[in-house]
>>> print(open('model-v4.cif').read())   # mmCIF, C-alpha atoms
data_final
loop_
_atom_site.label_atom_id
_atom_site.label_comp_id
_atom_site.auth_asym_id
_atom_site.auth_seq_id
_atom_site.Cartn_x
_atom_site.Cartn_y
_atom_site.Cartn_z
CA MET R 1 122.21 39.77 -59.54
CA ASN R 2 124.67 42.57 -60.25
CA TYR R 3 127.69 41.32 -62.18
CA ILE R 4 131.19 42.73 -62.57
CA LEU R 5 133.08 41.46 -65.60
CA ILE R 6 136.79 40.80 -65.02
CA ALA R 7 138.69 40.34 -68.28
CA ASP R 8 142.34 39.30 -67.96
CA ASP R 9 144.38 36.37 -69.30
CA ASN R 10 146.22 36.07 -65.97
CA SER R 11 144.21 33.70 -63.76
CA ASP R 12 146.05 34.80 -60.62
CA ILE R 13 144.81 38.36 -61.15
CA THR R 14 141.24 37.33 -61.98
CA ASP R 15 141.11 35.07 -58.89
CA ILE R 16 142.24 37.90 -56.60
CA LEU R 17 139.88 40.45 -58.10
CA ALA R 18 137.00 37.96 -58.08
CA ASN R 19 137.41 37.48 -54.33
CA TYR R 20 137.28 41.22 -53.74
CA VAL R 21 134.26 41.58 -56.05
CA VAL R 22 132.40 38.95 -53.99
CA LYS R 23 133.27 40.80 -50.77
CA GLU R 24 131.66 43.92 -52.30
CA GLY R 25 128.44 41.98 -52.88
CA TYR R 26 128.74 41.47 -56.63
CA GLU R 27 128.94 38.36 -58.79
CA PRO R 28 132.22 38.10 -60.74
CA ILE R 29 132.18 37.04 -64.39
CA ILE R 30 135.59 35.98 -65.74
CA ALA R 31 136.86 36.27 -69.31
CA GLY R 32 140.35 35.15 -70.38
CA ASP R 33 140.50 36.93 -73.73
CA GLY R 34 138.93 39.80 -75.64
CA GLU R 35 136.42 37.73 -77.58
CA ALA R 36 135.14 36.08 -74.41
CA ALA R 37 134.92 39.50 -72.75
CA ILE R 38 132.59 40.81 -75.45
CA GLU R 39 130.47 37.64 -75.39
CA LYS R 40 130.10 37.71 -71.61
CA PHE R 41 129.36 41.44 -71.63
CA ASP R 42 126.46 40.85 -74.02
CA GLU R 43 125.25 37.82 -72.06
CA PHE R 44 125.35 39.22 -68.52
CA THR R 45 125.17 43.03 -68.91
CA PRO R 46 127.50 43.76 -65.99
CA VAL R 47 127.37 46.95 -63.94
CA CYS R 48 131.12 47.49 -64.38
CA VAL R 49 134.00 46.05 -66.42
CA LEU R 50 137.59 45.55 -65.21
CA LEU R 51 139.48 45.20 -68.45
CA ASP R 52 143.09 44.21 -69.05
CA VAL R 53 144.69 45.96 -72.04
CA MET R 54 147.03 43.19 -73.26
CA MET R 55 144.77 40.20 -73.94
CA PRO R 56 144.70 37.44 -76.56
CA LYS R 57 142.46 37.59 -79.66
CA ILE R 58 141.19 41.16 -79.09
CA ASP R 59 143.06 43.68 -76.96
CA GLY R 60 141.43 45.69 -74.21
CA TYR R 61 141.36 48.94 -76.19
CA GLU R 62 139.27 47.35 -78.92
CA VAL R 63 137.01 45.66 -76.38
CA CYS R 64 136.47 49.05 -74.73
CA ARG R 65 135.64 50.64 -78.09
CA ARG R 66 133.03 47.99 -78.83
CA ILE R 67 131.47 48.27 -75.39
CA ARG R 68 131.38 52.06 -75.57
CA ALA R 69 129.71 51.95 -79.00
CA LYS R 70 126.65 50.35 -77.42
CA SER R 71 126.77 51.04 -73.69
CA ASP R 72 127.66 53.64 -71.07
CA ILE R 73 128.49 50.97 -68.46
CA PRO R 74 131.72 51.93 -66.60
CA VAL R 75 134.96 50.45 -67.93
CA ILE R 76 138.18 50.51 -65.90
CA LEU R 77 141.30 49.60 -67.86
CA ILE R 78 144.06 47.67 -66.11
CA THR R 79 147.51 47.39 -67.66
CA ALA R 80 151.16 46.78 -66.89
CA ARG R 81 152.14 49.76 -69.01
CA GLY R 82 151.61 53.25 -67.62
CA GLU R 83 152.98 55.62 -70.24
CA ASP R 84 151.02 58.87 -70.58
CA PHE R 85 150.05 58.28 -74.21
CA GLU R 86 148.47 54.94 -73.26
CA ARG R 87 146.47 56.53 -70.46
CA ILE R 88 145.29 59.19 -72.89
CA MET R 89 144.38 56.57 -75.48
CA GLY R 90 142.33 54.71 -72.91
CA LEU R 91 140.39 57.85 -71.98
CA ASP R 92 139.96 58.82 -75.63
CA ILE R 93 138.23 55.54 -76.47
CA GLY R 94 135.84 55.92 -73.54
CA ALA R 95 137.39 54.27 -70.48
CA ASP R 96 136.18 55.69 -67.17
CA ASP R 97 139.42 55.06 -65.31
CA TYR R 98 142.89 53.57 -65.75
CA ILE R 99 144.90 51.48 -63.27
CA VAL R 100 148.53 50.42 -63.71
CA LYS R 101 149.90 47.08 -62.51
CA PRO R 102 151.02 46.23 -59.90
CA PHE R 103 147.95 47.49 -58.11
CA SER R 104 146.23 47.14 -54.78
CA PRO R 105 142.95 45.17 -55.09
CA SER R 106 141.49 47.48 -52.45
CA GLU R 107 142.27 50.49 -54.66
CA VAL R 108 140.65 48.78 -57.64
CA MET R 109 137.47 48.25 -55.65
CA ALA R 110 137.54 51.83 -54.39
CA ARG R 111 137.57 52.98 -58.00
CA VAL R 112 134.76 50.57 -58.83
CA ARG R 113 132.68 52.01 -55.98
CA ALA R 114 133.42 55.53 -57.24
CA VAL R 115 132.27 54.88 -60.82
CA LEU R 116 129.19 53.02 -59.61
CA ARG R 117 128.25 55.91 -57.30
CA ARG R 118 128.42 58.24 -60.27
CA THR R 119 126.31 56.05 -62.53
CA ALA R 120 123.78 55.48 -59.74
CA LYS R 121 122.98 59.18 -59.62
CA THR R 122 119.92 60.24 -61.53
CA GLU R 123 121.10 63.55 -62.86
CA ARG R 124 118.37 65.99 -63.88
CA PRO R 125 120.08 69.25 -64.84
CA ALA R 126 116.78 71.05 -65.18
CA GLU R 127 114.97 69.55 -62.23
CA GLY R 128 111.45 70.81 -61.91
CA GLY R 129 111.45 72.27 -65.42
CA GLU R 130 110.71 71.07 -68.92
CA ASP R 131 112.24 67.81 -70.09
CA LYS R 132 112.75 68.94 -73.67
CA ILE R 133 115.00 71.55 -75.26
CA SER R 134 114.67 72.68 -78.88
CA VAL R 135 117.33 74.83 -80.54
CA GLY R 136 117.04 75.16 -84.30
CA ASN R 137 117.20 71.64 -85.73
CA LEU R 138 118.27 70.17 -82.38
CA VAL R 139 115.90 68.48 -79.91
CA ILE R 140 117.04 67.04 -76.59
CA ASN R 141 114.44 64.94 -74.78
CA LEU R 142 115.60 64.12 -71.26
CA THR R 143 112.59 61.91 -70.52
CA GLU R 144 113.55 59.62 -73.40
CA TYR R 145 117.29 60.32 -73.05
CA ALA R 146 117.25 61.01 -76.77
CA VAL R 147 118.80 63.64 -79.03
CA TYR R 148 117.55 64.46 -82.53
CA ILE R 149 119.04 66.60 -85.30
CA ASN R 150 116.81 67.27 -88.31
CA ASN R 151 114.36 64.81 -86.73
CA LYS R 152 116.99 62.06 -86.96
CA PRO R 153 118.00 60.26 -83.75
CA ILE R 154 121.66 60.60 -82.78
CA ASN R 155 123.11 57.54 -81.05
CA LEU R 156 124.49 59.01 -77.82
CA THR R 157 125.36 57.42 -74.50
CA LYS R 158 123.57 58.47 -71.30
CA LYS R 159 126.53 60.64 -70.28
CA GLU R 160 126.62 62.33 -73.70
CA VAL R 161 122.91 63.15 -73.50
CA GLU R 162 123.43 64.65 -70.03
CA THR R 163 126.34 66.70 -71.35
CA MET R 164 124.22 68.04 -74.21
CA TRP R 165 121.40 68.89 -71.79
CA THR R 166 123.72 70.68 -69.38
CA LEU R 167 125.32 72.78 -72.10
CA ALA R 168 122.21 73.47 -74.20
CA ASN R 169 120.15 74.35 -71.14
CA ASN R 170 122.63 77.20 -70.58
CA PRO R 171 123.25 78.65 -74.05
CA ASN R 172 126.44 80.69 -74.45
CA LYS R 173 127.44 80.03 -70.83
CA VAL R 174 131.04 78.86 -70.46
CA PHE R 175 131.56 75.74 -68.36
CA SER R 176 135.07 75.08 -67.12
CA ARG R 177 136.40 71.55 -67.39
CA ASP R 178 136.21 71.29 -63.60
CA ASN R 179 132.55 72.39 -63.68
CA LEU R 180 131.67 69.64 -66.14
CA LEU R 181 133.81 67.06 -64.37
CA ASP R 182 132.14 67.78 -61.02
CA SER R 183 128.56 68.04 -62.29
CA LEU R 184 128.61 65.08 -64.69
CA TRP R 185 131.18 62.72 -63.16
CA GLY R 186 131.14 63.71 -59.51
CA TYR R 187 133.59 65.06 -56.97
CA ASP R 188 134.92 61.58 -56.18
CA TYR R 189 136.04 60.92 -59.75
CA PHE R 190 139.61 59.64 -59.95
CA GLY R 191 140.28 60.88 -63.49
CA GLY R 192 141.29 64.37 -64.57
CA ASN R 193 140.31 67.10 -66.98
CA ARG R 194 141.49 65.05 -69.94
CA THR R 195 138.35 62.95 -69.47
CA VAL R 196 136.18 65.96 -70.33
CA ASP R 197 138.18 66.75 -73.48
CA SER R 198 137.97 63.15 -74.70
CA HIS R 199 134.26 63.02 -73.92
CA ILE R 200 133.52 66.25 -75.83
CA LYS R 201 135.61 65.03 -78.78
CA ARG R 202 133.52 61.86 -79.10
CA LEU R 203 130.29 63.82 -78.65
CA ARG R 204 131.19 66.31 -81.39
CA ALA R 205 132.04 63.49 -83.81
CA LYS R 206 128.56 62.03 -83.35
CA LEU R 207 126.79 65.40 -83.67
CA ASP R 208 128.73 66.38 -86.78
CA VAL R 209 127.12 63.56 -88.75
CA GLU R 210 124.24 66.02 -89.32
CA GLU R 211 124.51 69.69 -90.34
CA HIS R 212 123.85 72.15 -87.50
CA GLU R 213 124.75 75.68 -88.54
CA GLY R 214 122.67 77.42 -85.87
CA TRP R 215 124.47 75.95 -82.87
CA SER R 216 127.67 74.21 -81.85
CA ILE R 217 129.78 73.13 -78.91
CA LYS R 218 132.61 75.64 -78.82
CA THR R 219 135.96 75.37 -77.08
CA VAL R 220 136.87 78.36 -74.96
CA TRP R 221 140.64 78.00 -74.87
CA GLY R 222 142.15 77.83 -71.44
CA VAL R 223 138.71 77.61 -69.80
CA GLY R 224 136.34 74.93 -71.10
CA TYR R 225 133.28 74.64 -73.34
CA LYS R 226 130.01 76.32 -74.17
CA PHE R 227 126.91 75.67 -76.26
CA GLU R 228 127.02 78.56 -78.69
CA VAL R 229 123.84 79.69 -80.41
#
>>> encode(input="model-v4.cif", output="structure tokens")
Amino acid sequence: MNYILIADDNSDITDILANYVVKEGYEPIIAGDGEAAIEKFDEFTPVCVLLDVMMPKIDGYEVCRRIRAKSDIPVILITARGEDFERIMGLDIGADDYIVKPFSPSEVMARVRAVLRRTAKTERPAEGGEDKISVGNLVINLTEYAVYINNKPINLTKKEVETMWTLANNPNKVFSRDNLLDSLWGYDYFGGNRTVDSHIKRLRAKLDVEEHEGWSIKTVWGVGYKFEV
């Protein structure tokens, strides 16, 4: 059974969304606070999470952080507040999308379908070629979805490994934000270029735990990013 976790302290909202989730062929799992959301996520391993920001015990931002630290499963934040800085914060901590209340349940499910289409794709940037790249002290193994620096494993999400593969497989080539957004997230992605910036920021923070003088992910201002050797 494929589960969708709905975390919101408003039972009217969870009841409505649960009905739409069932119509889409999924099993809804309901959590009324942040602690319950984390517990049910670990218990059921849902395919997607609909996560309210303002919840008792642990807020949605912190729940998203904890989920993203261990999983690449799509998270869609839902909130009554739609200020730009809150949208940016949500993307920075790893949310895949952001919906402001009041919302249309049909739109929510359209966004769920979009993120699930993206995660269902098996992306092989170097299809038909080798499944391992070595650059200095860096090794990217696409078969294992693993990245090593100085022979030490770096804890990356699936999307972060795919980003590293895409960039490192094309050393010194500049990828625009739109290029990366389309190739790694898909043309039907609802988010914008800010998603790429937030994603690269998190990726760099994980890579910088180990020294890597021979290579780096460079920002090309006004354009995008490149893997510089």
>>> resolve_selection(input="model-v4.cif", expression="the PyMOL selection byres ((chain R and resi 164-175) around 7)", output="count of residues only")
16
>>> atom_distance(input="model-v4.cif", atom1="atom CA of Tyr3 of chain R", atom2="atom CA of Pro28 of chain R")
5.7 Å
>>> resolve_selection(input="model-v4.cif", expression="the PyMOL selection byres ((chain R and resi 73) around 10)", output="number ranges by chain")
R: 45-49, 67-68, 70-72, 74-75, 95-96, 115-116, 119, 157-158
>>> residues_around(input="model-v4.cif", residues="Asp15 of chain R", least_positions_apart="2", cutoff="12 Å", atoms="all atoms listed in the file", output="PyMOL selection string")
chain R and resi 6-13+17-22+28-32+105
>>> atom_distance(input="model-v4.cif", atom1="atom CA of His212 of chain R", atom2="atom CA of Val147 of chain R")
13.0 Å
>>> closest_residue(input="model-v4.cif", among="R:Arg118, R:Lys23, R:Lys206, R:Arg194", to="Tyr148 of chain R", atoms="all atoms listed in the file")
R:Lys206
>>> build_atoms(input="model-v4.cif", residues="segment 126-154 of chain R", atoms="N, CA and C atoms", output="mmCIF file, keeping the file's coordinate frame")
data_model
loop_
_atom_site.group_PDB
_atom_site.id
_atom_site.type_symbol
_atom_site.label_atom_id
_atom_site.label_comp_id
_atom_site.auth_asym_id
_atom_site.auth_seq_id
_atom_site.Cartn_x
_atom_site.Cartn_y
_atom_site.Cartn_z
ATOM 1 N N ALA R 126 117.812 70.026 -65.218
ATOM 2 C CA ALA R 126 116.780 71.050 -65.180
ATOM 3 C C ALA R 126 115.631 70.579 -64.301
ATOM 4 N N GLU R 127 115.953 70.136 -63.134
ATOM 5 C CA GLU R 127 114.970 69.550 -62.230
ATOM 6 C C GLU R 127 113.826 70.529 -61.968
ATOM 7 N N GLY R 128 112.624 70.002 -62.154
ATOM 8 C CA GLY R 128 111.450 70.810 -61.910
ATOM 9 C C GLY R 128 111.005 71.596 -63.137
ATOM 10 N N GLY R 129 111.795 71.536 -64.213
ATOM 11 C CA GLY R 129 111.450 72.270 -65.420
ATOM 12 C C GLY R 129 111.034 71.345 -66.530
ATOM 13 N N GLU R 130 111.067 71.863 -67.761
ATOM 14 C CA GLU R 130 110.710 71.070 -68.920
ATOM 15 C C GLU R 130 111.755 70.002 -69.166
ATOM 16 N N ASP R 131 111.329 68.907 -69.793
ATOM 17 C CA ASP R 131 112.240 67.810 -70.090
ATOM 18 C C ASP R 131 112.637 67.788 -71.558
ATOM 19 N N LYS R 132 112.384 68.886 -72.252
ATOM 20 C CA LYS R 132 112.750 68.940 -73.670
ATOM 21 C C LYS R 132 113.309 70.313 -74.003
ATOM 22 N N ILE R 133 114.394 70.313 -74.772
ATOM 23 C CA ILE R 133 115.000 71.550 -75.260
ATOM 24 C C ILE R 133 115.010 71.496 -76.777
ATOM 25 N N SER R 134 114.610 72.581 -77.425
ATOM 26 C CA SER R 134 114.670 72.680 -78.880
ATOM 27 C C SER R 134 115.472 73.924 -79.248
ATOM 28 N N VAL R 135 116.507 73.728 -80.052
ATOM 29 C CA VAL R 135 117.330 74.830 -80.540
ATOM 30 C C VAL R 135 117.573 74.595 -82.023
ATOM 31 N N GLY R 136 116.893 75.366 -82.863
ATOM 32 C CA GLY R 136 117.040 75.160 -84.300
ATOM 33 C C GLY R 136 116.612 73.751 -84.680
ATOM 34 N N ASN R 137 117.531 73.006 -85.302
ATOM 35 C CA ASN R 137 117.200 71.640 -85.730
ATOM 36 C C ASN R 137 117.556 70.601 -84.679
ATOM 37 N N LEU R 138 117.880 71.067 -83.470
ATOM 38 C CA LEU R 138 118.270 70.170 -82.380
ATOM 39 C C LEU R 138 117.124 70.005 -81.384
ATOM 40 N N VAL R 139 116.862 68.772 -80.976
ATOM 41 C CA VAL R 139 115.900 68.480 -79.910
ATOM 42 C C VAL R 139 116.564 67.534 -78.926
ATOM 43 N N ILE R 140 116.533 67.908 -77.646
ATOM 44 C CA ILE R 140 117.040 67.040 -76.590
ATOM 45 C C ILE R 140 115.874 66.688 -75.689
ATOM 46 N N ASN R 141 115.556 65.414 -75.600
ATOM 47 C CA ASN R 141 114.440 64.940 -74.780
ATOM 48 C C ASN R 141 115.021 64.151 -73.609
ATOM 49 N N LEU R 142 114.995 64.747 -72.425
ATOM 50 C CA LEU R 142 115.600 64.120 -71.260
ATOM 51 C C LEU R 142 114.763 62.964 -70.736
ATOM 52 N N THR R 143 113.447 63.019 -70.956
ATOM 53 C CA THR R 143 112.590 61.910 -70.520
ATOM 54 C C THR R 143 112.956 60.636 -71.271
ATOM 55 N N GLU R 144 113.188 60.771 -72.570
ATOM 56 C CA GLU R 144 113.550 59.620 -73.400
ATOM 57 C C GLU R 144 115.051 59.380 -73.451
ATOM 58 N N TYR R 145 115.833 60.336 -72.891
ATOM 59 C CA TYR R 145 117.290 60.320 -73.050
ATOM 60 C C TYR R 145 117.632 60.166 -74.536
ATOM 61 N N ALA R 146 117.073 61.068 -75.325
ATOM 62 C CA ALA R 146 117.250 61.010 -76.770
ATOM 63 C C ALA R 146 117.611 62.396 -77.304
ATOM 64 N N VAL R 147 118.420 62.411 -78.348
ATOM 65 C CA VAL R 147 118.800 63.640 -79.030
ATOM 66 C C VAL R 147 118.510 63.471 -80.519
ATOM 67 N N TYR R 148 117.885 64.496 -81.106
ATOM 68 C CA TYR R 148 117.550 64.460 -82.530
ATOM 69 C C TYR R 148 118.123 65.692 -83.220
ATOM 70 N N ILE R 149 118.646 65.502 -84.422
ATOM 71 C CA ILE R 149 119.040 66.600 -85.300
ATOM 72 C C ILE R 149 118.347 66.383 -86.632
ATOM 73 N N ASN R 150 117.621 67.406 -87.083
ATOM 74 C CA ASN R 150 116.810 67.270 -88.310
ATOM 75 C C ASN R 150 115.860 66.083 -88.211
ATOM 76 N N ASN R 151 115.308 65.886 -87.007
ATOM 77 C CA ASN R 151 114.360 64.810 -86.730
ATOM 78 C C ASN R 151 114.982 63.413 -86.827
ATOM 79 N N LYS R 152 116.308 63.340 -86.901
ATOM 80 C CA LYS R 152 116.990 62.060 -86.960
ATOM 81 C C LYS R 152 117.636 61.765 -85.605
ATOM 82 N N PRO R 153 117.411 60.586 -85.058
ATOM 83 C CA PRO R 153 118.000 60.260 -83.750
ATOM 84 C C PRO R 153 119.526 60.137 -83.848
ATOM 85 N N ILE R 154 120.210 60.702 -82.871
ATOM 86 C CA ILE R 154 121.660 60.600 -82.780
ATOM 87 C C ILE R 154 121.989 59.600 -81.677
#
